[in-house]
>>> print(open('my_file.cif').read())   # mmCIF, C-alpha atoms and all ligand atoms
data_upload
#
loop_
_atom_site.label_atom_id
_atom_site.label_comp_id
_atom_site.auth_asym_id
_atom_site.auth_seq_id
_atom_site.Cartn_x
_atom_site.Cartn_y
_atom_site.Cartn_z
CA MET A 49 29.96 9.77 18.24
CA ASP A 50 26.93 9.39 15.97
CA SER A 51 24.31 11.67 17.57
CA SER A 52 21.61 10.55 15.10
CA ILE A 53 21.22 7.39 17.23
CA SER A 54 19.59 8.15 20.56
CA PHE A 55 18.70 5.79 23.40
CA ASP A 56 15.35 7.52 24.07
CA ASP A 57 14.32 7.30 20.45
CA TRP A 58 15.27 3.62 19.98
CA TYR A 59 13.86 2.53 23.33
CA ASP A 60 10.55 4.21 22.55
CA ARG A 61 10.29 2.97 18.95
CA PHE A 62 11.31 -0.62 19.59
CA ASN A 63 8.86 -1.02 22.45
CA ARG A 64 6.02 0.96 20.88
CA PHE A 65 6.14 -0.69 17.45
CA ALA A 66 7.64 -4.12 18.23
CA GLY A 67 7.05 -4.79 21.95
CA ASP A 68 4.37 -7.40 21.18
CA LEU A 69 6.44 -9.00 18.40
CA TYR A 70 9.55 -9.58 20.51
CA PRO A 71 8.33 -9.63 24.13
CA ASP A 72 11.02 -8.87 26.75
CA ARG A 73 13.67 -8.15 24.10
CA TYR A 74 13.96 -4.38 24.34
CA THR A 75 14.95 -3.83 27.97
CA PRO A 76 16.78 -0.58 28.83
CA GLU A 77 20.07 -2.51 29.23
CA PHE A 78 19.75 -4.22 25.85
CA VAL A 79 18.77 -1.03 24.03
CA ARG A 80 21.77 0.79 25.61
CA GLU A 81 24.01 -2.00 24.25
CA LEU A 82 22.37 -1.71 20.81
CA VAL A 83 22.91 2.06 20.78
CA ASP A 84 26.64 1.69 21.57
CA GLN A 85 27.06 -1.06 18.99
CA GLY A 86 24.99 0.90 16.45
CA ARG A 87 27.23 3.96 16.80
CA GLU A 88 30.34 1.86 16.21
CA VAL A 89 28.66 0.16 13.23
CA ARG A 90 27.94 3.57 11.66
CA SER A 91 31.47 4.77 12.23
CA LEU A 92 33.07 1.60 10.82
CA ALA A 93 30.68 1.61 7.84
CA ALA A 94 31.79 5.21 7.08
CA GLN A 95 35.50 4.28 7.45
CA LYS A 96 35.12 1.22 5.25
CA ASN A 97 32.89 3.07 2.76
CA SER A 98 30.16 0.48 3.09
CA VAL A 99 26.44 0.70 2.41
CA ILE A 100 24.34 -1.29 4.89
CA VAL A 101 21.08 -2.69 3.53
CA ALA A 102 18.45 -4.73 5.39
CA HIS A 103 15.43 -6.80 4.42
CA ASN A 104 12.02 -5.89 5.87
CA TYR A 105 12.10 -8.98 8.15
CA GLN A 106 15.24 -7.95 10.04
CA TYR A 107 15.15 -6.99 13.71
CA PRO A 108 14.14 -3.33 14.28
CA GLU A 109 17.70 -2.27 15.23
CA LEU A 110 19.07 -3.58 11.91
CA GLN A 111 16.29 -1.77 10.03
CA GLU A 112 17.30 1.42 11.87
CA ILE A 113 21.02 1.08 11.19
CA ALA A 114 20.59 0.30 7.47
CA GLU A 115 20.72 2.97 4.81
CA THR A 116 18.01 1.14 2.86
CA VAL A 117 15.34 -1.29 4.05
CA GLY A 118 13.31 -3.14 1.43
CA ASP A 119 11.96 -6.23 -0.27
CA SER A 120 14.03 -8.54 -2.45
CA LEU A 121 13.49 -6.54 -5.62
CA GLY A 122 14.03 -3.15 -3.95
CA LEU A 123 17.27 -4.28 -2.33
CA SER A 124 18.54 -5.82 -5.58
CA LYS A 125 17.94 -2.52 -7.36
CA GLN A 126 19.50 -0.48 -4.57
CA VAL A 127 22.63 -2.65 -4.60
CA ALA A 128 22.83 -2.38 -8.40
CA GLU A 129 22.63 1.41 -8.31
CA GLN A 130 24.92 2.23 -5.38
CA SER A 131 28.58 3.15 -5.98
CA LYS A 132 30.40 2.18 -2.75
CA PRO A 133 33.08 -0.57 -2.76
CA ARG A 134 31.41 -2.58 0.01
CA VAL A 135 27.89 -3.76 0.88
CA ASP A 136 26.95 -5.15 4.31
CA PHE A 137 23.82 -7.17 3.65
CA CYS A 138 21.40 -8.00 6.48
CA GLY A 139 19.13 -10.68 5.10
CA VAL A 140 19.38 -14.37 4.25
CA TRP A 141 22.16 -15.96 2.20
CA PHE A 142 20.38 -16.06 -1.17
CA MET A 143 19.84 -12.30 -0.89
CA GLY A 144 23.55 -11.72 -0.30
CA GLU A 145 24.29 -13.97 -3.28
CA THR A 146 21.83 -12.02 -5.42
CA ALA A 147 23.58 -8.78 -4.42
CA LYS A 148 27.00 -10.28 -5.24
CA THR A 149 25.71 -11.56 -8.58
CA ILE A 150 24.58 -8.06 -9.50
CA VAL A 151 27.66 -6.12 -8.36
CA GLY A 152 30.36 -8.60 -9.43
CA ASP A 153 34.03 -8.08 -8.61
CA LYS A 154 33.86 -4.34 -8.16
CA VAL A 155 32.01 -4.55 -4.81
CA LYS A 156 32.69 -6.78 -1.80
CA VAL A 157 29.53 -8.16 -0.14
CA TYR A 158 29.65 -9.14 3.54
CA MET A 159 26.96 -10.67 5.72
CA PRO A 160 26.70 -10.81 9.54
CA ASP A 161 25.96 -14.57 9.43
CA HIS A 162 25.21 -17.39 6.98
CA PRO A 163 21.39 -17.80 7.26
CA GLY A 164 19.59 -20.24 5.01
CA CYS A 165 15.97 -20.23 3.78
CA SER A 166 13.55 -23.16 3.73
CA LEU A 167 12.43 -22.38 0.18
CA VAL A 168 16.01 -22.53 -1.09
CA ALA A 169 16.52 -25.76 0.85
CA SER A 170 13.52 -27.33 -0.95
CA ILE A 171 15.30 -27.14 -4.32
CA ASP A 172 16.81 -30.28 -5.84
CA HIS A 173 19.10 -29.41 -8.76
CA GLY A 174 18.74 -32.97 -10.09
CA ARG A 175 14.97 -32.48 -10.50
CA ILE A 176 15.49 -29.24 -12.41
CA ARG A 177 18.03 -30.90 -14.72
CA ALA A 178 15.62 -33.84 -15.28
CA TRP A 179 12.78 -31.43 -16.18
CA LYS A 180 15.07 -29.66 -18.66
CA GLU A 181 16.04 -33.01 -20.25
CA HIS A 182 12.33 -33.79 -20.77
CA ASN A 183 11.63 -30.25 -21.97
CA PRO A 184 14.75 -29.09 -23.87
CA ASP A 185 12.81 -26.13 -25.23
CA GLY A 186 11.24 -25.32 -21.84
CA LEU A 187 11.73 -22.13 -19.81
CA ILE A 188 12.73 -22.12 -16.16
CA ILE A 189 11.30 -19.27 -14.09
CA SER A 190 12.81 -19.09 -10.63
CA TYR A 191 11.73 -17.06 -7.67
CA ILE A 192 14.54 -14.89 -6.29
CA ASN A 193 14.52 -17.15 -3.19
CA THR A 194 16.91 -19.59 -4.88
CA ASP A 195 20.63 -20.29 -4.64
CA ALA A 196 23.03 -18.91 -7.30
CA LYS A 197 23.33 -22.33 -8.97
CA THR A 198 19.53 -22.52 -9.51
CA LYS A 199 19.51 -18.96 -10.81
CA ALA A 200 22.26 -19.95 -13.24
CA MET A 201 20.02 -22.76 -14.57
CA SER A 202 17.09 -20.33 -15.02
CA ASP A 203 15.83 -18.28 -17.94
CA TYR A 204 14.05 -15.71 -15.78
CA ILE A 205 14.14 -14.67 -12.13
CA CYS A 206 11.11 -13.10 -10.48
CA THR A 207 10.26 -11.71 -7.04
CA SER A 208 6.99 -11.64 -5.12
CA ARG A 209 6.43 -8.15 -6.59
CA ASN A 210 6.68 -9.08 -10.26
CA ALA A 211 6.05 -12.84 -10.56
CA ALA A 212 2.80 -12.57 -12.59
CA LYS A 213 4.37 -9.98 -14.88
CA ILE A 214 7.43 -12.15 -15.55
CA VAL A 215 5.28 -15.23 -16.22
CA SER A 216 3.10 -13.23 -18.67
CA HIS A 217 6.18 -11.76 -20.35
CA ALA A 218 7.80 -15.19 -20.78
CA ALA A 219 4.57 -16.65 -22.22
CA ALA A 220 4.09 -13.74 -24.62
CA HIS A 221 7.69 -13.82 -25.87
CA HIS A 222 7.91 -17.61 -26.18
CA PRO A 223 4.41 -18.73 -27.24
CA GLY A 224 3.58 -22.38 -26.63
CA ARG A 225 6.76 -23.21 -24.71
CA ARG A 226 6.46 -25.16 -21.45
CA MET A 227 7.54 -23.49 -18.22
CA LEU A 228 8.74 -24.70 -14.85
CA PHE A 229 8.01 -22.28 -12.01
CA LEU A 230 10.04 -22.84 -8.84
CA PRO A 231 10.32 -23.33 -5.94
CA ASP A 232 7.23 -21.84 -4.19
CA LYS A 233 3.94 -23.61 -5.03
CA TYR A 234 1.74 -20.91 -3.48
CA LEU A 235 3.41 -17.98 -5.25
CA GLY A 236 3.40 -20.06 -8.43
CA ALA A 237 -0.35 -20.76 -8.27
CA VAL A 238 -1.27 -17.14 -7.55
CA SER A 239 1.03 -15.77 -10.29
CA LEU A 240 -0.37 -18.22 -12.78
CA ALA A 241 -3.95 -17.21 -11.98
CA GLN A 242 -3.08 -13.50 -12.08
CA SER A 243 -1.20 -13.79 -15.38
CA GLY A 244 -4.13 -15.52 -17.07
CA ILE A 245 -1.87 -17.80 -19.12
CA ASP A 246 -2.78 -21.39 -19.99
CA PRO A 247 -2.10 -23.38 -16.77
CA GLU A 248 -1.52 -26.50 -18.87
CA LEU A 249 1.74 -24.96 -20.06
CA VAL A 250 3.22 -24.57 -16.57
CA ASP A 251 4.70 -27.11 -14.17
CA LEU A 252 4.74 -25.91 -10.57
CA TYR A 253 7.52 -27.08 -8.27
CA ASP A 254 6.18 -28.11 -4.86
CA GLY A 255 8.39 -26.08 -2.48
CA ALA A 256 7.07 -23.88 0.33
CA CYS A 257 8.39 -21.53 3.01
CA HIS A 258 7.88 -22.99 6.49
CA VAL A 259 6.99 -19.55 7.93
CA HIS A 260 4.39 -18.62 5.31
CA ALA A 261 3.00 -22.13 4.80
CA LYS A 262 1.55 -22.08 8.32
CA ILE A 263 -0.40 -18.91 7.54
CA GLY A 264 -3.37 -20.94 6.36
CA GLU A 265 -7.07 -20.34 5.87
CA PHE A 266 -7.84 -20.98 9.53
CA ALA A 267 -5.43 -18.29 10.81
CA LEU A 268 -6.93 -15.81 8.37
CA GLU A 269 -10.51 -16.63 9.37
CA GLN A 270 -9.61 -16.16 13.05
CA ALA A 271 -7.99 -12.79 12.32
CA LEU A 272 -11.06 -11.71 10.31
CA ASP A 273 -13.32 -12.60 13.26
CA LEU A 274 -11.24 -10.30 15.47
CA TYR A 275 -10.83 -7.47 12.96
CA PRO A 276 -13.79 -7.62 10.54
CA ASP A 277 -13.16 -4.11 9.14
CA ALA A 278 -9.51 -4.64 8.38
CA GLU A 279 -7.97 -5.03 4.94
CA ILE A 280 -5.90 -8.20 4.46
CA LEU A 281 -2.34 -7.86 3.16
CA ILE A 282 -1.19 -11.28 1.99
CA HIS A 283 2.29 -12.27 0.93
CA PRO A 284 1.81 -14.69 -2.00
CA GLU A 285 4.02 -17.30 -0.28
CA CYS A 286 1.29 -17.82 2.36
CA GLY A 287 -0.38 -21.21 2.74
CA CYS A 288 -3.77 -19.48 2.36
CA ALA A 289 -2.75 -17.85 -0.94
CA SER A 290 -4.60 -20.11 -3.39
CA THR A 291 -7.75 -20.70 -1.33
CA CYS A 292 -8.01 -17.00 -0.58
CA LEU A 293 -7.70 -16.19 -4.28
CA ALA A 294 -10.50 -18.66 -5.01
CA LYS A 295 -12.68 -16.90 -2.41
CA ILE A 296 -11.88 -13.48 -3.90
CA MET A 297 -12.82 -14.76 -7.35
CA ALA A 298 -16.01 -16.39 -6.01
CA GLY A 299 -17.01 -12.96 -4.66
CA GLU A 300 -17.02 -13.92 -0.94
CA SER A 301 -17.62 -10.64 0.82
CA GLU A 302 -14.99 -10.80 3.65
CA TYR A 303 -12.31 -11.53 1.06
CA GLN A 304 -12.99 -8.57 -1.19
CA ASN A 305 -10.54 -6.54 0.90
CA ALA A 306 -7.67 -9.00 0.46
CA TYR A 307 -4.57 -8.02 -1.55
CA TYR A 308 -1.52 -10.02 -2.68
CA LEU A 309 1.56 -7.94 -2.09
CA SER A 310 5.33 -8.13 -1.71
CA THR A 311 6.61 -6.74 1.57
CA ASP A 312 7.36 -3.28 0.11
CA GLN A 313 4.05 -3.17 -1.72
CA MET A 314 2.32 -3.68 1.65
CA ILE A 315 3.66 -0.30 2.78
CA ARG A 316 2.59 1.54 -0.33
CA HIS A 317 -0.83 -0.14 -0.29
CA ALA A 318 -1.49 0.66 3.39
CA GLU A 319 -0.36 4.26 2.88
CA ALA A 320 -2.70 4.82 -0.06
CA SER A 321 -5.68 3.00 1.48
CA PRO A 322 -8.41 4.97 3.30
CA VAL A 323 -8.75 1.98 5.67
CA LYS A 324 -7.19 2.29 9.14
CA GLU A 325 -6.71 -1.37 10.12
CA PHE A 326 -4.77 -4.15 8.42
CA ILE A 327 -4.23 -7.87 8.97
CA VAL A 328 -0.68 -8.62 7.87
CA GLY A 329 0.00 -12.07 6.40
CA THR A 330 3.77 -12.34 6.40
CA GLU A 331 6.83 -12.56 8.66
CA SER A 332 6.52 -10.46 11.81
CA GLY A 333 9.50 -8.15 11.06
CA MET A 334 7.26 -6.43 8.52
CA LEU A 335 4.98 -5.18 11.29
CA TYR A 336 7.76 -2.98 12.71
CA ARG A 337 8.31 -1.21 9.39
CA LEU A 338 4.57 -0.74 8.74
CA ARG A 339 3.84 0.58 12.24
CA LYS A 340 6.85 2.90 12.23
CA GLU A 341 6.11 4.38 8.82
CA LEU A 342 2.34 4.62 9.30
CA PRO A 343 1.86 5.22 13.05
CA GLU A 344 -1.68 6.50 12.58
CA LYS A 345 -2.82 3.06 11.29
CA LYS A 346 -3.13 -0.29 13.04
CA PHE A 347 -1.41 -3.51 11.87
CA TYR A 348 -2.15 -6.97 13.29
CA PRO A 349 -0.14 -10.14 12.61
CA VAL A 350 -2.30 -12.86 11.03
CA HIS A 351 -0.23 -15.49 12.81
CA PRO A 352 1.65 -14.72 16.04
CA ASP A 353 4.39 -17.29 15.31
CA ALA A 354 5.27 -16.09 11.84
CA VAL A 355 8.93 -15.54 12.66
CA CYS A 356 11.73 -16.53 10.28
CA GLU A 357 14.53 -17.81 12.47
CA TYR A 358 16.93 -17.55 9.53
CA MET A 359 16.32 -13.82 9.15
CA LYS A 360 16.69 -13.43 12.89
CA MET A 361 20.17 -15.02 12.89
CA ASN A 362 21.52 -11.56 12.01
CA THR A 363 22.12 -9.30 14.99
CA MET A 364 23.76 -5.93 15.62
CA GLU A 365 26.58 -7.69 17.47
CA LYS A 366 27.32 -9.91 14.46
CA LEU A 367 27.10 -6.95 12.07
CA LEU A 368 29.62 -5.07 14.21
CA ASP A 369 31.91 -8.09 14.27
CA SER A 370 31.61 -8.36 10.51
CA LEU A 371 32.58 -4.72 10.01
CA ARG A 372 35.49 -5.05 12.44
CA ASN A 373 36.86 -8.34 11.12
CA ASP A 374 35.47 -8.71 7.55
CA ARG A 375 34.23 -12.12 8.62
CA ILE A 376 31.78 -13.57 6.10
CA GLU A 377 32.23 -12.52 2.49
CA VAL A 378 29.89 -13.74 -0.25
CA ASN A 379 31.65 -15.20 -3.26
CA ILE A 380 30.29 -17.05 -6.29
CA ASP A 381 32.28 -18.85 -8.95
CA PRO A 382 32.51 -16.68 -12.12
CA GLU A 383 30.65 -19.04 -14.50
CA THR A 384 27.68 -19.45 -12.13
CA ARG A 385 27.65 -15.73 -11.46
CA GLN A 386 27.60 -14.84 -15.15
CA LYS A 387 24.68 -17.17 -15.93
CA ALA A 388 22.74 -16.11 -12.83
CA GLN A 389 23.30 -12.46 -13.72
CA ALA A 390 21.84 -12.98 -17.21
CA ALA A 391 18.59 -14.30 -15.65
CA ILE A 392 18.45 -11.45 -13.08
CA ASP A 393 19.21 -8.82 -15.75
CA ARG A 394 16.36 -10.19 -17.86
CA MET A 395 14.05 -9.58 -14.89
CA LEU A 396 15.39 -6.08 -14.20
CA THR A 397 14.78 -4.99 -17.81
CA ILE A 398 11.13 -6.17 -17.65
CA GLN A 399 10.21 -3.75 -14.80
P1 LIG A 401 9.82 -10.06 -0.48
O1 LIG A 401 10.53 -10.05 -1.79
O2 LIG A 401 8.37 -9.75 -0.60
O3 LIG A 401 10.52 -9.17 0.46
O4 LIG A 401 9.89 -11.55 0.11
C1 LIG A 401 11.10 -12.18 0.40
C2 LIG A 401 10.92 -13.32 1.31
O5 LIG A 401 11.84 -13.99 1.72
C3 LIG A 401 9.57 -13.65 1.72
O6 LIG A 401 9.63 -14.65 2.66
FE1 LIG A 402 12.99 -18.00 3.36
FE2 LIG A 402 10.57 -18.12 4.42
FE3 LIG A 402 12.51 -16.95 5.77
FE4 LIG A 402 11.48 -15.76 3.56
S1 LIG A 402 10.44 -16.15 5.49
S2 LIG A 402 13.64 -15.99 4.08
S3 LIG A 402 11.06 -17.56 2.31
S4 LIG A 402 12.41 -19.11 5.22
#
>>> encode(input="my_file.cif", output="structure tokens")
Amino acid sequence: MDSSISFDDWYDRFNRFAGDLYPDRYTPEFVRELVDQGREVRSLAAQKNSVIVAHNYQYPELQEIAETVGDSLGLSKQVAEQSKPRVDFCGVWFMGETAKTIVGDKVKVYMPDHPGCSLVASIDHGRIRAWKEHNPDGLIISYINTDAKTKAMSDYICTSRNAAKIVSHAAAHHPGRRMLFLPDKYLGAVSLAQSGIDPELVDLYDGACHVHAKIGEFALEQALDLYPDAEILIHPECGCASTCLAKIMAGESEYQNAYYLSTDQMIRHAEASPVKEFIVGTESGMLYRLRKELPEKKFYPVHPDAVCEYMKMNTMEKLLDSLRNDRIEVNIDPETRQKAQAAIDRMLTIQ
């Protein structure tokens, strides 16, 4: 039996740090079930020599059971560096595909379910091909929230942590060449402004994430009314991203404490900041990680309904089933994988 998992500890943590995020979820009966399942997950993961990784938006119990919890870039790096023959990936499908692209045939990648992502769903391969036909010399910069086929059509991949850096790098190494940034229009606009490159050279795709798009200016203003001393941690996919940036640049006082950050950067920023209160503009799973790691600080969701139902399709029960029965394996055809890997590798060398 795995004694590192204790009912008292999980019951206390889940209710203390996530009780308001998932009301009525963590009853004693349910936590007891999670503890039993969690112990079996650990034992099967050890038997099968698997590393379990989880994105920051996963349910608290999956964050607890994982060896590493992180943002897209952090998880990609972790998967690239680990040496076990199996990865159990708790996240959405494009993340599992990214992991598989990086590790290739030497590692099997399993997922508890097959969750999509609204940003990935907004991509039309025909539009990308048409852009390339009009701009044969153009560069395609794709956010990591894309399917393997889109990554294979791309010159560079970026994440929310490094998008401005990748855009600047591409512009500096290929002066004068047109770029298509896809699929997220909010991340694209912020990265473009932060990189300082000529906006005339960049075409922005018009995709958006349905969870972040609803975090608009109004939600942020309401949160600021409630917590005027708080710093604002904004994921660049948010609907308020561009208007907020304009307010920062115009010197509006309430917005001088607003920061654009990937999910992992939010933790490092909050840790280093002397401020004690934060308004968090991203999916609610992030609040659990922030509150658990920095219990002396306070974190408020900017929007109470910012829940990604795709991320929440993964559960401990499904993870256990996956480890027992090797249910859902991620596979990519070799040609797509090779091309996608070249674009991801280009990003990883720019860090
Ligand atoms: P991060 O890379 O910041 O974790 O974001 C991934 C994501 O899906 C945001 O919705
Ligand atoms: Fe995709 Fe949005 Fe969910 Fe992130 S929060 S996985 S971008 S749907």
>>> atom_distance(input="my_file.cif", atom1="atom CA of Gln270 of chain A", atom2="atom CA of Val350 of chain A")
8.3 Å
>>> residues_near_ligand(input="my_file.cif", ligand="ligand LIG 401 (chain A)", cutoff="8 Å", atoms="only C-alpha atoms and all ligand atoms", output="list in words")
His103, Asn104, Tyr105, Gly118, Asp119, Ser120, Leu121, Val140, Cys165, Ile192, Asn193, Thr207, Ser208, Arg209, Cys257, Val259, His260, His283, Glu285, Leu309, Ser310, Thr311, Asp312, Gln313, Thr330 and Glu331 of chain A
>>> residues_around(input="my_file.cif", residues="Gln386 of chain A", least_positions_apart="6", cutoff="9 Å", atoms="all atoms listed in the file", output="VMD selection string")
chain A and resid 149 152 200
>>> residues_around(input="my_file.cif", residues="Tyr336 of chain A", least_positions_apart="3", cutoff="6 Å", atoms="all atoms listed in the file", output="ChimeraX atom specification")
/A:65-66,333,339-340
>>> atom_distance(input="my_file.cif", atom1="atom CA of Ala219 of chain A", atom2="atom CA of Lys148 of chain A")
28.8 Å
>>> closest_residue(input="my_file.cif", among="A:Cys292, A:Ile188, A:Leu167, A:Val89", to="ligand LIG 402 (chain A)", atoms="all atoms listed in the file")
A:Leu167
>>> closest_atom_pairs(input="my_file.cif", of="segment 136-194 of chain A", to="segment 360-370 of chain A", cutoff="9 Å", atoms="all atoms listed in the file", output="Markdown table")
| residue | atom | partner | partner_atom | distance |
| --- | --- | --- | --- | --- |
| A:Asp136 | CA | A:Leu367 | CA | 8.0 |
| A:Cys138 | CA | A:Asn362 | CA | 6.6 |
| A:Gly139 | CA | A:Asn362 | CA | 7.4 |
| A:Val140 | CA | A:Asn362 | CA | 8.5 |
| A:Tyr158 | CA | A:Ser370 | CA | 7.3 |
| A:Met159 | CA | A:Ser370 | CA | 7.1 |
| A:Pro160 | CA | A:Leu367 | CA | 4.6 |
| A:Asp161 | CA | A:Asn362 | CA | 6.0 |
| A:His162 | CA | A:Met361 | CA | 8.1 |
| A:Pro163 | CA | A:Met361 | CA | 6.4 |
>>> residues_near_point(input="my_file.cif", point="(16.5, -1.4, 28.0)", cutoff="12 Å", atoms="all atoms listed in the file", output="compact mmCIF listing (two decimals) with C-alpha atoms, keeping the file's coordinate frame")
# COMPACT_ATOMS: atom_id res chain seq x y z
CA PHE A 55 18.70 5.79 23.40
CA ASP A 56 15.35 7.52 24.07
CA ASP A 57 14.32 7.30 20.45
CA TRP A 58 15.27 3.62 19.98
CA TYR A 59 13.86 2.53 23.33
CA ASP A 60 10.55 4.21 22.55
CA ARG A 61 10.29 2.97 18.95
CA PHE A 62 11.31 -0.62 19.59
CA ASN A 63 8.86 -1.02 22.45
CA GLY A 67 7.05 -4.79 21.95
CA ASP A 72 11.02 -8.87 26.75
CA ARG A 73 13.67 -8.15 24.10
CA TYR A 74 13.96 -4.38 24.34
CA THR A 75 14.95 -3.83 27.97
CA PRO A 76 16.78 -0.58 28.83
CA GLU A 77 20.07 -2.51 29.23
CA PHE A 78 19.75 -4.22 25.85
CA VAL A 79 18.77 -1.03 24.03
CA ARG A 80 21.77 0.79 25.61
CA GLU A 81 24.01 -2.00 24.25
CA LEU A 82 22.37 -1.71 20.81
CA VAL A 83 22.91 2.06 20.78
>>> closest_residue(input="my_file.cif", among="A:Met143, A:Ala196, A:Ile376, A:Ala237", to="ligand LIG 402 (chain A)", atoms="all atoms listed in the file")
A:Met143
>>> residues_around(input="my_file.cif", residues="Leu281 of chain A", least_positions_apart="2", cutoff="8 Å", atoms="only C-alpha atoms", output="list in words")
Glu279, His283, Ala306, Tyr307, Tyr308, Leu309, Met314, Phe326, Ile327, Val328 and Gly329 of chain A
>>> write_last_selection(input="my_file.cif", atoms="C-alpha atoms", output="PDB file, keeping the file's coordinate frame")
ATOM      1  CA  GLU A 279      -7.970  -5.030   4.940  1.00  0.00           C
ATOM      2  CA  HIS A 283       2.290 -12.270   0.930  1.00  0.00           C
ATOM      3  CA  ALA A 306      -7.670  -9.000   0.460  1.00  0.00           C
ATOM      4  CA  TYR A 307      -4.570  -8.020  -1.550  1.00  0.00           C
ATOM      5  CA  TYR A 308      -1.520 -10.020  -2.680  1.00  0.00           C
ATOM      6  CA  LEU A 309       1.560  -7.940  -2.090  1.00  0.00           C
ATOM      7  CA  MET A 314       2.320  -3.680   1.650  1.00  0.00           C
ATOM      8  CA  PHE A 326      -4.770  -4.150   8.420  1.00  0.00           C
ATOM      9  CA  ILE A 327      -4.230  -7.870   8.970  1.00  0.00           C
ATOM     10  CA  VAL A 328      -0.680  -8.620   7.870  1.00  0.00           C
ATOM     11  CA  GLY A 329       0.000 -12.070   6.400  1.00  0.00           C
TER      12      GLY A 329
END
>>> residues_around(input="my_file.cif", residues="Val323 of chain A", least_positions_apart="6", cutoff="9 Å", atoms="all atoms listed in the file", output="JSON, numbers by chain")
{"A": [277, 278, 279, 345]}
>>> closest_residue(input="my_file.cif", among="A:Ala147, A:Met201, A:Ala271, A:Val238", to="Asn379 of chain A", atoms="only C-alpha atoms")
A:Ala147
>>> closest_residue(input="my_file.cif", among="A:Ile398, A:Ala289, A:Val151, A:Met359", to="ligand LIG 402 (chain A)", atoms="only C-alpha atoms and all ligand atoms")
A:Met359
>>> atom_distance(input="my_file.cif", atom1="atom CA of Tyr358 of chain A", atom2="atom CA of Ala169 of chain A")
12.0 Å
>>> decode(input="my_file.cif", residues="segment 335-346 of chain A", atoms="N, CA, C and O atoms", output="CSV table (one decimal), in the first residue's frame")
chain,number,residue,atom,x,y,z
A,335,LEU,N,-6.1,27.5,-9.8
A,335,LEU,CA,-6.2,28.0,-8.5
A,335,LEU,C,-5.8,27.0,-7.4
A,335,LEU,O,-5.2,27.3,-6.4
A,336,TYR,N,-6.0,25.7,-7.7
A,336,TYR,CA,-5.7,24.7,-6.7
A,336,TYR,C,-4.1,24.7,-6.6
A,336,TYR,O,-3.6,24.7,-5.5
A,337,ARG,N,-3.4,24.7,-7.7
A,337,ARG,CA,-2.0,24.6,-7.6
A,337,ARG,C,-1.4,25.8,-6.9
A,337,ARG,O,-0.5,25.7,-6.1
A,338,LEU,N,-1.9,27.0,-7.3
A,338,LEU,CA,-1.4,28.3,-6.7
A,338,LEU,C,-1.7,28.3,-5.2
A,338,LEU,O,-0.8,28.6,-4.4
A,339,ARG,N,-2.9,27.9,-4.8
A,339,ARG,CA,-3.2,27.9,-3.3
A,339,ARG,C,-2.4,26.9,-2.5
A,339,ARG,O,-2.0,27.2,-1.4
A,340,LYS,N,-2.2,25.7,-3.2
A,340,LYS,CA,-1.5,24.7,-2.5
A,340,LYS,C,0.0,25.1,-2.3
A,340,LYS,O,0.6,24.9,-1.3
A,341,GLU,N,0.6,25.6,-3.3
A,341,GLU,CA,2.0,25.9,-3.3
A,341,GLU,C,2.3,27.2,-2.5
A,341,GLU,O,3.4,27.4,-2.0
A,342,LEU,N,1.3,28.1,-2.5
A,342,LEU,CA,1.5,29.4,-1.8
A,342,LEU,C,0.4,29.6,-0.8
A,342,LEU,O,-0.4,30.6,-1.0
A,343,PRO,N,0.3,28.8,0.3
A,343,PRO,CA,-0.9,28.9,1.1
A,343,PRO,C,-1.0,30.2,1.9
A,343,PRO,O,-2.1,30.5,2.4
A,344,GLU,N,0.1,30.9,2.0
A,344,GLU,CA,0.1,32.2,2.7
A,344,GLU,C,-0.5,33.3,1.9
A,344,GLU,O,-0.7,34.4,2.4
A,345,LYS,N,-0.8,33.1,0.6
A,345,LYS,CA,-1.3,34.1,-0.3
A,345,LYS,C,-2.7,33.8,-0.7
A,345,LYS,O,-3.2,32.7,-0.6
A,346,LYS,N,-3.4,34.8,-1.2
A,346,LYS,CA,-4.8,34.6,-1.6
A,346,LYS,C,-5.0,34.7,-3.1
A,346,LYS,O,-4.5,35.6,-3.7
